[in-house]
2 protein chains.
Amino acid sequence: MRLFLERGFEGTTVAEVAEAAEVSSMTVFRHFPTKEHLVLQDDYDPVIADRLRHRPAGEPVLHRIAASILDGLAELPPDPRLLLARTRLILYTPALRARVWENNHATQQVIVAALPDDDPFEVQVAASACLAVATTVMVRWAETDGHADLRELMAEALAVVTR
Amino acid sequence: MRLFLERGFEGTTVAEVAEAAEVSSMTVFRHFPTKEHLVLQDDYDPVIADRLRHRPAGEPVLHRIAASILDGLAELPPDPRLLLARTRLILYTPALRARVWENNHATQQVIVAALPDDDPFEVQVAASACLAVATTVMVRWAETDGHADLRELMAEALAVVTR
DNA sequence: CCCATTGTGTTAGTCACTAACAATTGTTAC
DNA sequence: GTAACAATTGTTAGTGACTAACACAATGGG
């Protein structure tokens with residue numbers, strides 16, 4: 001991340017990352033399948049899944065997922081600078097931007113697995129919509145340089161879909 | 001497309017595509033910025049934008065976008081085999097799957113531009129949600145080998161978000 | 001102490017993609 | 001018809017992500 005922030009993602013080669021980490025390039029690729037994976041790992045899938053399981057089953061699927069995503073924000077580290085830097089990096093790097101859907105798709109599967117009692121297609125649809133909204137919010141938040149209240153923004157955006 | 005369908009996307013080199021088209025590799029890259037672009041061009045952005053502009057302004061943004069996407073399906077060619085093949089190719093090729101968000105993001109911008117009188121953030125949020133739903137529907141449709149009624153599926157899925 | 005497992009390095013290669021320049025074709029002006 | 005110009009294409013040589021194959025250490029258990 002340090003190198004990427006200093007020189008940009010495309011301006012940094014995997015060989016340089018490897019050298020800075022004092023390993024060979026080969027070793028980097030053994031731990032991260034692609035260069036993009038060095039940036040694009042997020043740890044919030046299990047958080048969301050966990051929140052999902054603790055929701056009353058009466059609510060519509062869409063509401064449960066939206067609420068879980070919103071609640072999950074509480075797990076973010078208090079200092080959002082790293083998150084902001086990462087989001088900006090993703091936002092301005094085509095190769096990274098492109099992988100976002102792949103990431104959301106993986107999260108979708110986790111959500112579907114966490115709600116075995118609901119119609120899988122409906123869950124998939126609701127999850128993809130909510131995650132798209134969440135992504136849009138992150139982009140918007142990064143565009144305000146992190147000055148906007150992330151939770152407030154997320155609540156407002158999810159309301160567009162859940163109301 | 002013929003080569004990609006015969007040998008798979010990763011199993012076909014750009015050099016082979018170039019040879020089949022009787023041009024040099026360089027020429028291919030001058031017309032298509034990446035190998036993925038050979039598959040991932042869709043012509044429905046202007047269709048959707050057009051439908052959007054002919055909607056009554058009274059409706060909520062989300063409904064207008066959803067309805068336009070649904071209406072836009074009418075413009076699809078009557079024989080869906082090519083669309084099905086393309087969707088399948090995208091679905092099973094990680095490199096292509098990854099680019100989907102990039103595509104949807106471009107469509108989002110088109111939608112925002114087509115609705116200059118509405119709150120851009122709300123439009124962005126609604127558009128990203130609807131497009132994510134549409135993508136999920138295409139995936140599902142491809143998984144049924146095109147046997148499902150695409151329009152019906154799309155209507156059902158969009159209803160999850162608009163109801 | 002031996003052996004199997006695991007992690008790592010090395011090398012050589014493929015392939016997407018770029019930059020620079022040369023060759024070709026098409027188009028317009030005269 | 002031809003000269004001047006622009007647009008398109010080809011060629012070459014390169015960079016960099018990523019893979020496959022094999023050799024070499026380190027670790028840990030019997």
# chains A, B, ... in the order shown; residues from 1 in each chain; ligands from 1
call {"tool": "residues_around", "arguments": {"residues": "DA23 in chain C", "least_positions_apart": "3", "cutoff": "10 Å", "atoms": "only C-alpha atoms (C1' of nucleotides)", "output": "MDAnalysis selection string"}}
result
chainID D and resid 9:11
call {"tool": "interface_residues", "arguments": {"of": "chain A", "to": "chain B", "cutoff": "10 Å", "atoms": "only C-alpha atoms", "output": "count of residues only"}}
result
41
call {"tool": "interface_residues", "arguments": {"of": "chain C", "to": "chain A", "cutoff": "10 Å", "atoms": "only C-alpha atoms (C1' of nucleotides)", "output": "ChimeraX atom specification"}}
result
/C:7-10
call {"tool": "write_last_selection", "arguments": {"atoms": "all heavy atoms", "output": "PDB file, in the first residue's frame"}}
result
ATOM      1  P    DG C   7       2.995 -23.659   3.197  1.00  0.00           P
ATOM      2  OP1  DG C   7       2.185 -22.848   4.106  1.00  0.00           O
ATOM      3  OP2  DG C   7       2.465 -24.155   1.912  1.00  0.00           O
ATOM      4  O5'  DG C   7       4.337 -22.841   2.903  1.00  0.00           O
ATOM      5  C5'  DG C   7       5.139 -22.399   3.993  1.00  0.00           C
ATOM      6  C4'  DG C   7       6.457 -21.886   3.453  1.00  0.00           C
ATOM      7  O4'  DG C   7       7.149 -22.979   2.796  1.00  0.00           O
ATOM      8  C3'  DG C   7       6.309 -20.773   2.402  1.00  0.00           C
ATOM      9  O3'  DG C   7       7.057 -19.641   2.811  1.00  0.00           O
ATOM     10  C2'  DG C   7       6.865 -21.387   1.113  1.00  0.00           C
ATOM     11  C1'  DG C   7       7.768 -22.487   1.640  1.00  0.00           C
ATOM     12  N9   DG C   7       7.911 -23.606   0.714  1.00  0.00           N
ATOM     13  C8   DG C   7       6.920 -24.419   0.201  1.00  0.00           C
ATOM     14  N7   DG C   7       7.370 -25.347  -0.596  1.00  0.00           N
ATOM     15  C5   DG C   7       8.748 -25.141  -0.616  1.00  0.00           C
ATOM     16  C6   DG C   7       9.770 -25.836  -1.305  1.00  0.00           C
ATOM     17  O6   DG C   7       9.660 -26.800  -2.068  1.00  0.00           O
ATOM     18  N1   DG C   7      11.030 -25.283  -1.046  1.00  0.00           N
ATOM     19  C2   DG C   7      11.261 -24.210  -0.212  1.00  0.00           C
ATOM     20  N2   DG C   7      12.531 -23.823  -0.076  1.00  0.00           N
ATOM     21  N3   DG C   7      10.326 -23.555   0.451  1.00  0.00           N
ATOM     22  C4   DG C   7       9.095 -24.073   0.196  1.00  0.00           C
ATOM     23  P    DT C   8       7.004 -18.307   1.932  1.00  0.00           P
ATOM     24  OP1  DT C   8       7.298 -17.180   2.859  1.00  0.00           O
ATOM     25  OP2  DT C   8       5.788 -18.324   1.106  1.00  0.00           O
ATOM     26  O5'  DT C   8       8.268 -18.468   0.989  1.00  0.00           O
ATOM     27  C5'  DT C   8       9.578 -18.513   1.574  1.00  0.00           C
ATOM     28  C4'  DT C   8      10.586 -18.885   0.515  1.00  0.00           C
ATOM     29  O4'  DT C   8      10.232 -20.163  -0.050  1.00  0.00           O
ATOM     30  C3'  DT C   8      10.638 -17.947  -0.690  1.00  0.00           C
ATOM     31  O3'  DT C   8      11.723 -17.052  -0.533  1.00  0.00           O
ATOM     32  C2'  DT C   8      10.837 -18.863  -1.895  1.00  0.00           C
ATOM     33  C1'  DT C   8      10.892 -20.252  -1.272  1.00  0.00           C
ATOM     34  N1   DT C   8      10.230 -21.304  -2.089  1.00  0.00           N
ATOM     35  C2   DT C   8      11.002 -22.134  -2.857  1.00  0.00           C
ATOM     36  O2   DT C   8      12.225 -22.043  -2.910  1.00  0.00           O
ATOM     37  N3   DT C   8      10.298 -23.079  -3.570  1.00  0.00           N
ATOM     38  C4   DT C   8       8.923 -23.259  -3.577  1.00  0.00           C
ATOM     39  O4   DT C   8       8.405 -24.139  -4.250  1.00  0.00           O
ATOM     40  C5   DT C   8       8.176 -22.356  -2.751  1.00  0.00           C
ATOM     41  C7   DT C   8       6.679 -22.462  -2.684  1.00  0.00           C
ATOM     42  C6   DT C   8       8.857 -21.430  -2.052  1.00  0.00           C
ATOM     43  P    DG C   9      11.966 -15.940  -1.652  1.00  0.00           P
ATOM     44  OP1  DG C   9      12.793 -14.859  -1.068  1.00  0.00           O
ATOM     45  OP2  DG C   9      10.683 -15.644  -2.305  1.00  0.00           O
ATOM     46  O5'  DG C   9      12.891 -16.750  -2.670  1.00  0.00           O
ATOM     47  C5'  DG C   9      14.185 -17.179  -2.244  1.00  0.00           C
ATOM     48  C4'  DG C   9      14.909 -17.844  -3.412  1.00  0.00           C
ATOM     49  O4'  DG C   9      14.158 -19.011  -3.811  1.00  0.00           O
ATOM     50  C3'  DG C   9      15.041 -16.969  -4.658  1.00  0.00           C
ATOM     51  O3'  DG C   9      16.406 -16.911  -5.061  1.00  0.00           O
ATOM     52  C2'  DG C   9      14.158 -17.639  -5.702  1.00  0.00           C
ATOM     53  C1'  DG C   9      14.072 -19.068  -5.216  1.00  0.00           C
ATOM     54  N9   DG C   9      12.804 -19.710  -5.533  1.00  0.00           N
ATOM     55  C8   DG C   9      11.555 -19.335  -5.097  1.00  0.00           C
ATOM     56  N7   DG C   9      10.594 -20.103  -5.531  1.00  0.00           N
ATOM     57  C5   DG C   9      11.243 -21.051  -6.315  1.00  0.00           C
ATOM     58  C6   DG C   9      10.718 -22.133  -7.057  1.00  0.00           C
ATOM     59  O6   DG C   9       9.540 -22.488  -7.161  1.00  0.00           O
ATOM     60  N1   DG C   9      11.728 -22.825  -7.719  1.00  0.00           N
ATOM     61  C2   DG C   9      13.069 -22.527  -7.661  1.00  0.00           C
ATOM     62  N2   DG C   9      13.875 -23.312  -8.358  1.00  0.00           N
ATOM     63  N3   DG C   9      13.575 -21.526  -6.973  1.00  0.00           N
ATOM     64  C4   DG C   9      12.604 -20.824  -6.328  1.00  0.00           C
ATOM     65  P    DT C  10      16.844 -16.058  -6.335  1.00  0.00           P
ATOM     66  OP1  DT C  10      18.248 -15.703  -6.184  1.00  0.00           O
ATOM     67  OP2  DT C  10      15.833 -15.000  -6.543  1.00  0.00           O
ATOM     68  O5'  DT C  10      16.705 -17.110  -7.524  1.00  0.00           O
ATOM     69  C5'  DT C  10      17.322 -18.384  -7.407  1.00  0.00           C
ATOM     70  C4'  DT C  10      17.338 -19.077  -8.770  1.00  0.00           C
ATOM     71  O4'  DT C  10      16.106 -19.831  -8.919  1.00  0.00           O
ATOM     72  C3'  DT C  10      17.416 -18.110  -9.950  1.00  0.00           C
ATOM     73  O3'  DT C  10      18.418 -18.563 -10.840  1.00  0.00           O
ATOM     74  C2'  DT C  10      16.015 -18.160 -10.573  1.00  0.00           C
ATOM     75  C1'  DT C  10      15.518 -19.548 -10.179  1.00  0.00           C
ATOM     76  N1   DT C  10      14.043 -19.630  -9.974  1.00  0.00           N
ATOM     77  C2   DT C  10      13.348 -20.667 -10.549  1.00  0.00           C
ATOM     78  O2   DT C  10      13.877 -21.535 -11.213  1.00  0.00           O
ATOM     79  N3   DT C  10      11.996 -20.660 -10.301  1.00  0.00           N
ATOM     80  C4   DT C  10      11.284 -19.734  -9.559  1.00  0.00           C
ATOM     81  O4   DT C  10      10.083 -19.824  -9.409  1.00  0.00           O
ATOM     82  C5   DT C  10      12.082 -18.663  -9.002  1.00  0.00           C
ATOM     83  C7   DT C  10      11.415 -17.598  -8.180  1.00  0.00           C
ATOM     84  C6   DT C  10      13.402 -18.667  -9.225  1.00  0.00           C
TER      85       DT C  10
END
call {"tool": "interface_residues", "arguments": {"of": "chain D", "to": "chain A", "cutoff": "9 Å", "atoms": "only C-alpha atoms (C1' of nucleotides)", "output": "list in words"}}
result
DG16, DA17 and DC18 of chain D
call {"tool": "write_last_selection", "arguments": {"atoms": "C-alpha atoms (C1' of nucleotides)", "output": "PDB file, in the first residue's frame"}}
result
ATOM      1  C1'  DG D  16       5.395  -6.358 -17.147  1.00  0.00           C
ATOM      2  C1'  DA D  17       1.963  -9.716 -15.243  1.00  0.00           C
ATOM      3  C1'  DC D  18       1.715 -14.300 -14.661  1.00  0.00           C
TER       4       DC D  18
END
call {"tool": "closest_residue", "arguments": {"among": "A:Arg86, A:Arg81, A:Arg55, A:Arg7", "to": "Val39 in chain A", "atoms": "only C-alpha atoms"}}
result
A:Arg86
call {"tool": "select_by_dssp", "arguments": {"residues": "range 14-75 of chain A", "states": "helix (DSSP H, G or I)", "output": "ChimeraX atom specification"}}
result
/A:14-20,25-31,35-38,44-53,61-75
